[in-house]
2 protein chains.
Amino acid sequence: MPNLTDYIEEYLKKLLALSSKHFIEIRRRELAGKFDCVPSQINYVLERRFSPERGYLVESRRGGGGCIRIYHIKQEIAGSWRGALQALREEEFEPMKVRQVLQRMMDEKVISRRESSLLAVIIHDEPYRLSGIEKSDYRKLQCRLFNQALEELMKVSY
Amino acid sequence: MPNLTDYIEEYLKKLLALSSKHFIEIRRRELAGKFDCVPSQINYVLERRFSPERGYLVESRRGGGGCIRIYHIKQEIAGSWRGALQALREEEFEPMKVRQVLQRMMDEKVISRRESSLLAVIIHDEPYRLSGIEKSDYRKLQCRLFNQALEELMKVSY
DNA sequence: ATAGAAAGGTCAGAGAAGGTCAAACATACG
DNA sequence: CGTATGTTTGACCTTCTCTGACCTTTCTAT
């Protein structure tokens with residue numbers, strides 16, 4: 001018994017399949033109108049069904065003439081190092097371990113040396129200490145920034 | 001879906017590309033007439049799309065016979081780095097401007113799209129807000145992290 | 001000199017997108 | 001049942017664009 005989210009997902013995927021490019025552009029309002037729902041429903045669909053984990057990338061622009069662009073990116077990177085990253089979520093976020101993972105990702109050519117350097121900056125304590133933040137506080141922040149950065153890398157794999 | 005601002009931007013860039021010099025001259029009124037809009041719209045376009053952060057320089061003369069001159073500044077790589085760093089130190093560290101610099105660095109192929117995404121993570125406010133840090137405090141931290149990251153990029157050539 | 005015309009500049013506010021979040025509702029599963 | 005997970009809605013927010021009223025500078029004719 002498909003629900004609204006399913007219908008919208010199906011519709012968008014059909015559009016993507018028909019598109020000659022590897023992306024489509026939609027107007028949130030318009031699409032919401034087409035399916036007779038509130039606009040934020042569209043965001044929900046995008047979040048659930050067009051996530052980076054599923055191989056999609058969504059960009060948008062606000063303001064007059066704004067729109068939402070959905071890319072379909074083929075992702076073969078998949079699992080291997082994803083497992084390693086799982087370990088870095090939350091509780092056990094420790095710069096030492098993270099650096100090891102970075103090294104490994106470089107070895108496996110999943111990220112470049114420059115990218116690794118950028119990621120390393122995020123987990124370097126000094127800037128946070130200089131800003132007078134407590135260690136336990138900035139660890140969480142580092143973890144957030146780091147994971148966000150990884151997400152970006154996974155999205156922009158083309 | 002392009003809007004008026006996009007069209008005017010495109011038009012001006014085309015003029016620049018066609019020009020034998022590295023600048024073009026326009027009449028604000030005239031251009032506004034061509035695109036059937038109010039003259040101040042032109043100022044808006046110049047501010048948003050032809051900012052120094054994006055590598056453009058705009059000069060103008062008022063009064064009878066006045067006009068607007070738009071330069072496209074192509075710096076060599078080294079210069080563009082220095083410029084970027086300069087603009088982003090301390091006082092004027094504003095995410096909006098930084099994003100424009102990032103766009104420019106991508107345009108000039110000084111950084112890759114992936115690197116740009118990583119740098120963008122650093123200046124995205126959300127993680128900091130979630131960590132309960134005051135805006136004025138995290139701006140400084142963002143500035144430190146960002147500059148550190150740029151330093152790293154300079155070390156490791158592309 | 002000086003007044004008026006002919007540029008361009010500034011700024012605030014309206015309007016047009018899309019984003020976020022939490023609460024209500026629905027469904028599936030133990 | 002009742003709890004967990006997934007969906008739908010609506011109130012409120014942020015960002016980007018566009019307009020118009022009003023200001024400043026420069027040129028030109030007297």
# chains A, B, ... in the order shown; residues from 1 in each chain; ligands from 1
call {"tool": "calpha_fit_rmsd", "arguments": {"fixed": "chain B", "moving": "chain A"}}
result
11.6 Å
call {"tool": "closest_atom_pairs", "arguments": {"of": "chain D", "to": "chain B", "cutoff": "12 Å", "atoms": "only C-alpha atoms (C1' of nucleotides)", "output": "tab-separated table"}}
result
residue	atom	partner	partner_atom	distance
D:DT15	C1'	B:Met96	CA	10.8
D:DC16	C1'	B:Arg48	CA	9.9
D:DT17	C1'	B:Thr5	CA	7.7
D:DC18	C1'	B:Gln41	CA	6.9
D:DT19	C1'	B:Val38	CA	6.8
D:DG20	C1'	B:Val38	CA	8.3
D:DA21	C1'	B:Ser40	CA	11.7
D:DT24	C1'	B:Arg62	CA	8.7
D:DT25	C1'	B:Arg62	CA	5.5
D:DT26	C1'	B:Gly63	CA	3.8
D:DC27	C1'	B:Gly64	CA	5.0
D:DT28	C1'	B:Gly64	CA	8.7
call {"tool": "write_last_selection", "arguments": {"atoms": "N, CA and C atoms (P, O5', C5', C4', C3', O3' and C1' of nucleotides)", "output": "PDB file, in the first residue's frame"}}
result
ATOM      1  P    DT D  15      20.669  32.731   6.677  1.00  0.00           P
ATOM      2  O5'  DT D  15      20.296  32.743   5.128  1.00  0.00           O
ATOM      3  C5'  DT D  15      20.165  31.519   4.441  1.00  0.00           C
ATOM      4  C4'  DT D  15      19.739  31.814   3.023  1.00  0.00           C
ATOM      5  C3'  DT D  15      20.550  32.917   2.352  1.00  0.00           C
ATOM      6  O3'  DT D  15      21.022  32.392   1.129  1.00  0.00           O
ATOM      7  C1'  DT D  15      18.235  33.310   2.104  1.00  0.00           C
ATOM      8  P    DC D  16      21.994  33.204   0.181  1.00  0.00           P
ATOM      9  O5'  DC D  16      21.014  33.757  -0.934  1.00  0.00           O
ATOM     10  C5'  DC D  16      20.331  32.833  -1.773  1.00  0.00           C
ATOM     11  C4'  DC D  16      19.372  33.616  -2.614  1.00  0.00           C
ATOM     12  C3'  DC D  16      20.010  34.751  -3.400  1.00  0.00           C
ATOM     13  O3'  DC D  16      19.768  34.497  -4.777  1.00  0.00           O
ATOM     14  C1'  DC D  16      18.024  35.466  -2.292  1.00  0.00           C
ATOM     15  P    DT D  17      20.225  35.501  -5.922  1.00  0.00           P
ATOM     16  O5'  DT D  17      18.911  36.358  -6.150  1.00  0.00           O
ATOM     17  C5'  DT D  17      17.701  35.701  -6.414  1.00  0.00           C
ATOM     18  C4'  DT D  17      16.558  36.677  -6.573  1.00  0.00           C
ATOM     19  C3'  DT D  17      16.799  37.836  -7.532  1.00  0.00           C
ATOM     20  O3'  DT D  17      15.760  37.772  -8.492  1.00  0.00           O
ATOM     21  C1'  DT D  17      15.848  38.609  -5.503  1.00  0.00           C
ATOM     22  P    DC D  18      15.779  38.660  -9.842  1.00  0.00           P
ATOM     23  O5'  DC D  18      14.958  39.950  -9.410  1.00  0.00           O
ATOM     24  C5'  DC D  18      13.604  39.785  -9.011  1.00  0.00           C
ATOM     25  C4'  DC D  18      13.041  41.086  -8.490  1.00  0.00           C
ATOM     26  C3'  DC D  18      13.291  42.330  -9.348  1.00  0.00           C
ATOM     27  O3'  DC D  18      12.030  42.743  -9.852  1.00  0.00           O
ATOM     28  C1'  DC D  18      13.589  42.761  -7.015  1.00  0.00           C
ATOM     29  P    DT D  19      11.958  44.049 -10.810  1.00  0.00           P
ATOM     30  O5'  DT D  19      11.567  45.222  -9.795  1.00  0.00           O
ATOM     31  C5'  DT D  19      10.514  44.994  -8.884  1.00  0.00           C
ATOM     32  C4'  DT D  19      10.358  46.184  -7.953  1.00  0.00           C
ATOM     33  C3'  DT D  19      10.497  47.549  -8.622  1.00  0.00           C
ATOM     34  O3'  DT D  19       9.245  48.211  -8.494  1.00  0.00           O
ATOM     35  C1'  DT D  19      11.732  47.446  -6.580  1.00  0.00           C
ATOM     36  P    DG D  20       9.018  49.604  -9.277  1.00  0.00           P
ATOM     37  O5'  DG D  20       9.254  50.658  -8.094  1.00  0.00           O
ATOM     38  C5'  DG D  20       8.763  50.360  -6.804  1.00  0.00           C
ATOM     39  C4'  DG D  20       9.177  51.459  -5.848  1.00  0.00           C
ATOM     40  C3'  DG D  20       9.276  52.848  -6.489  1.00  0.00           C
ATOM     41  O3'  DG D  20       8.775  53.783  -5.554  1.00  0.00           O
ATOM     42  C1'  DG D  20      11.366  52.286  -5.549  1.00  0.00           C
ATOM     43  P    DA D  21       8.558  55.322  -6.015  1.00  0.00           P
ATOM     44  O5'  DA D  21       9.050  56.112  -4.717  1.00  0.00           O
ATOM     45  C5'  DA D  21       8.904  55.505  -3.421  1.00  0.00           C
ATOM     46  C4'  DA D  21       9.959  56.076  -2.481  1.00  0.00           C
ATOM     47  C3'  DA D  21      10.224  57.568  -2.687  1.00  0.00           C
ATOM     48  O3'  DA D  21      10.411  58.195  -1.417  1.00  0.00           O
ATOM     49  C1'  DA D  21      12.230  56.369  -2.975  1.00  0.00           C
ATOM     50  P    DT D  24      23.377  62.969   0.296  1.00  0.00           P
ATOM     51  O5'  DT D  24      24.328  62.584  -0.915  1.00  0.00           O
ATOM     52  C5'  DT D  24      24.918  61.292  -0.948  1.00  0.00           C
ATOM     53  C4'  DT D  24      25.872  61.227  -2.125  1.00  0.00           C
ATOM     54  C3'  DT D  24      26.728  62.469  -2.305  1.00  0.00           C
ATOM     55  O3'  DT D  24      28.058  62.036  -2.524  1.00  0.00           O
ATOM     56  C1'  DT D  24      25.560  61.974  -4.303  1.00  0.00           C
ATOM     57  P    DT D  25      29.246  63.042  -2.802  1.00  0.00           P
ATOM     58  O5'  DT D  25      29.425  62.929  -4.377  1.00  0.00           O
ATOM     59  C5'  DT D  25      29.711  61.659  -4.938  1.00  0.00           C
ATOM     60  C4'  DT D  25      29.789  61.802  -6.435  1.00  0.00           C
ATOM     61  C3'  DT D  25      30.732  62.889  -6.928  1.00  0.00           C
ATOM     62  O3'  DT D  25      31.572  62.299  -7.895  1.00  0.00           O
ATOM     63  C1'  DT D  25      28.626  63.114  -7.943  1.00  0.00           C
ATOM     64  P    DT D  26      32.843  63.028  -8.468  1.00  0.00           P
ATOM     65  O5'  DT D  26      32.342  63.547  -9.887  1.00  0.00           O
ATOM     66  C5'  DT D  26      31.891  62.587 -10.833  1.00  0.00           C
ATOM     67  C4'  DT D  26      31.255  63.302 -11.995  1.00  0.00           C
ATOM     68  C3'  DT D  26      32.081  64.435 -12.599  1.00  0.00           C
ATOM     69  O3'  DT D  26      32.294  64.116 -13.945  1.00  0.00           O
ATOM     70  C1'  DT D  26      29.828  65.078 -12.321  1.00  0.00           C
ATOM     71  P    DC D  27      33.205  64.990 -14.915  1.00  0.00           P
ATOM     72  O5'  DC D  27      32.131  65.642 -15.894  1.00  0.00           O
ATOM     73  C5'  DC D  27      31.232  64.788 -16.595  1.00  0.00           C
ATOM     74  C4'  DC D  27      30.132  65.634 -17.217  1.00  0.00           C
ATOM     75  C3'  DC D  27      30.632  66.784 -18.090  1.00  0.00           C
ATOM     76  O3'  DC D  27      29.974  66.717 -19.332  1.00  0.00           O
ATOM     77  C1'  DC D  27      29.038  67.551 -16.510  1.00  0.00           C
ATOM     78  P    DT D  28      30.514  67.612 -20.577  1.00  0.00           P
ATOM     79  O5'  DT D  28      29.317  68.640 -20.818  1.00  0.00           O
ATOM     80  C5'  DT D  28      28.005  68.310 -20.366  1.00  0.00           C
ATOM     81  C4'  DT D  28      27.123  69.535 -20.502  1.00  0.00           C
ATOM     82  C3'  DT D  28      27.690  70.666 -21.346  1.00  0.00           C
ATOM     83  O3'  DT D  28      26.603  71.309 -22.000  1.00  0.00           O
ATOM     84  C1'  DT D  28      27.288  71.466 -19.192  1.00  0.00           C
TER      85       DT D  28
END
call {"tool": "closest_atom_pairs", "arguments": {"of": "chain C", "to": "chain B", "cutoff": "12 Å", "atoms": "only C-alpha atoms (C1' of nucleotides)", "output": "CSV"}}
result
residue,atom,partner,partner_atom,distance
C:DG4,C1',B:Gly64,CA,11.9
C:DA5,C1',B:Gly64,CA,8.1
C:DA6,C1',B:Gly64,CA,4.6
C:DA7,C1',B:Gly63,CA,3.9
C:DG8,C1',B:Arg62,CA,4.7
C:DG9,C1',B:Asn43,CA,8.3
C:DT10,C1',B:Ser40,CA,9.3
C:DC11,C1',B:Ser40,CA,10.8
C:DA16,C1',B:Asn3,CA,11.2
C:DA17,C1',B:Met1,CA,11.2
C:DT20,C1',B:Glu126,CA,11.7
call {"tool": "interface_residues", "arguments": {"of": "chain A", "to": "chain B", "cutoff": "10 Å", "atoms": "only C-alpha atoms", "output": "NGL selection string"}}
result
:A and (25-27 or 61 or 63-68 or 111-124 or 126-133 or 137-138 or 140-158)
call {"tool": "select_by_dssp", "arguments": {"residues": "region 5-156 of chain A", "states": "strand (DSSP E or B)", "output": "MDAnalysis selection string"}}
result
chainID A and resid 23:26 56:61 67:72
call {"tool": "residues_around", "arguments": {"residues": "DG30 (chain C)", "least_positions_apart": "5", "cutoff": "12 Å", "atoms": "only C-alpha atoms (C1' of nucleotides)", "output": "ChimeraX atom specification"}}
result
/D:1-4
call {"tool": "select_by_dssp", "arguments": {"residues": "chain A", "states": "alpha helix (DSSP H)", "output": "PyMOL selection string"}}
result
chain A and resi 4-18+28-34+39-49+80-86+95-107+113-122+126-130+135-155
call {"tool": "atom_distance", "arguments": {"atom1": "C1' of DA26 (chain C)", "atom2": "C1' of DT7 (chain D)"}}
result
7.1 Å
call {"tool": "residues_around", "arguments": {"residues": "DC12 (chain D)", "least_positions_apart": "5", "cutoff": "12 Å", "atoms": "only C-alpha atoms (C1' of nucleotides)", "output": "ChimeraX atom specification"}}
result
/C:19-22
call {"tool": "closest_residue", "arguments": {"among": "B:Asp125, B:Asp107, B:Glu47, B:Glu10", "to": "Glu94 (chain B)", "atoms": "only C-alpha atoms"}}
result
B:Asp125
